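To start, the structure under review is shown below, and the notes come after it.
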Amino acid sequence: MFAFLTKHRPGYWPALVWFILCTILLCLPGSRLPKYNWLSEIQFDKWVHIGLFGILVLLGCWGFWSRKKTGTSLELPILLLALSATAYGIWMEYIQDWYIPNRSFDVGDIAADAIGSFLGGWFAHGRFHKK
């Protein structure tokens, strides 16, 4: 799979599409979300946030990597992407609290967003930094 990623460098489109998908999912009214008890017991919502934000940062880093010039470091863009994704997660929690029916502000979601963002950055650093 990584050979495919090396040959095909689509730029920022995958990150943009994923960002739009994340925004749609985060703006769904609370009544549209599943209410299974066993999912809440395993904190499934937090794992979803970790995955959404990890993939968001990873795809953003892939875009930077595909456009970078030889010898350019990716450390600062990776850090900025992780911080920006975390700020986006915080902002979306406020949006959910103020404007989305049956949704509320959750500090646990912000923590999961930050963990996912920095895990995505960590993985991207290991994958793209030395290329």
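In the structure tokens, the first chain shown is A, the next is B, and so on; residue numbers restart at 1 for each chain, and ligands run from 1 in the order shown.
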Would you mind listing what lies within 10 Å of Tyr88 in chain A as a list in words, with only C-alpha atoms counted and same-chain residues fewer than 2 positions away left out? Phe19, Thr23, Phe53, Ala82, Leu83, Ser84, Ala85, Thr86, Ile90, Trp91, Met92, Glu93, Tyr94, Ile110, Asp113 and Ala114 of chain A
Quick one: pick out all alpha helix (DSSP H) residues within range 46-101 of chain A from a backbone DSSP run and write them as JSON, numbers by chain. {"A": [46, 47, 48, 49, 50, 51, 52, 53, 54, 55, 56, 57, 58, 59, 60, 61, 62, 63, 64, 65, 66, 67, 75, 76, 77, 78, 79, 80, 81, 82, 83, 84, 85, 86, 87, 88, 89, 90, 91, 92, 93, 94, 95, 96, 97, 98, 99]}
Using only C-alpha atoms: which of A:Trp47, A:Trp62, A:Trp122, A:Trp98 has the shortest distance to Ala15 in chain A: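 For Ala15 in chain A, the nearest of the given residues is A:Trp62.
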Hey, what's within 8 Å of Gly60 in chain A if we count only C-alpha atoms and toss same-chain stuff fewer than 3 positions away? As a compact mmCIF listing (two decimals) with C-alpha atoms, in the first residue's frame, please?
# COMPACT_ATOMS: atom_id res chain seq x y z
CA TYR A 12 -4.36 18.21 -0.44
CA PRO A 14 -7.87 13.79 0.35
CA ALA A 15 -7.38 16.00 3.42
CA LEU A 56 -7.24 14.24 9.15
CA VAL A 57 -3.71 15.13 10.24
CA GLY A 63 -0.44 16.67 1.16
CA PHE A 64 2.56 18.55 2.53
CA LEU A 81 -1.39 20.56 11.40
Selection near range 105-108 of chain A, 8 Å with only C-alpha atoms, sequence-local residues under 3 positions removed, as a PDB file with C-alpha atoms, in the first residue's frame:
ATOM      1  CA  LYS A  46     -13.839   8.816  21.872  1.00  0.00           C
ATOM      2  CA  GLU A  93     -17.357  21.298  20.336  1.00  0.00           C
ATOM      3  CA  TYR A  94     -18.557  24.880  20.730  1.00  0.00           C
ATOM      4  CA  GLN A  96     -22.156  21.417  18.754  1.00  0.00           C
ATOM      5  CA  ASP A  97     -23.040  23.082  22.049  1.00  0.00           C
ATOM      6  CA  ALA A 111      -8.960  15.281  24.563  1.00  0.00           C
ATOM      7  CA  ALA A 112      -9.709  12.529  22.035  1.00  0.00           C
TER       8      ALA A 112
END
Which residue out of A:Ile115, A:Ile100, A:Ile50, A:Leu80 has the minimum interatomic distance to Leu26 in chain A when only C-alpha atoms are used?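 Answer, going by the shortest atom-to-atom distance: A:Ile100.
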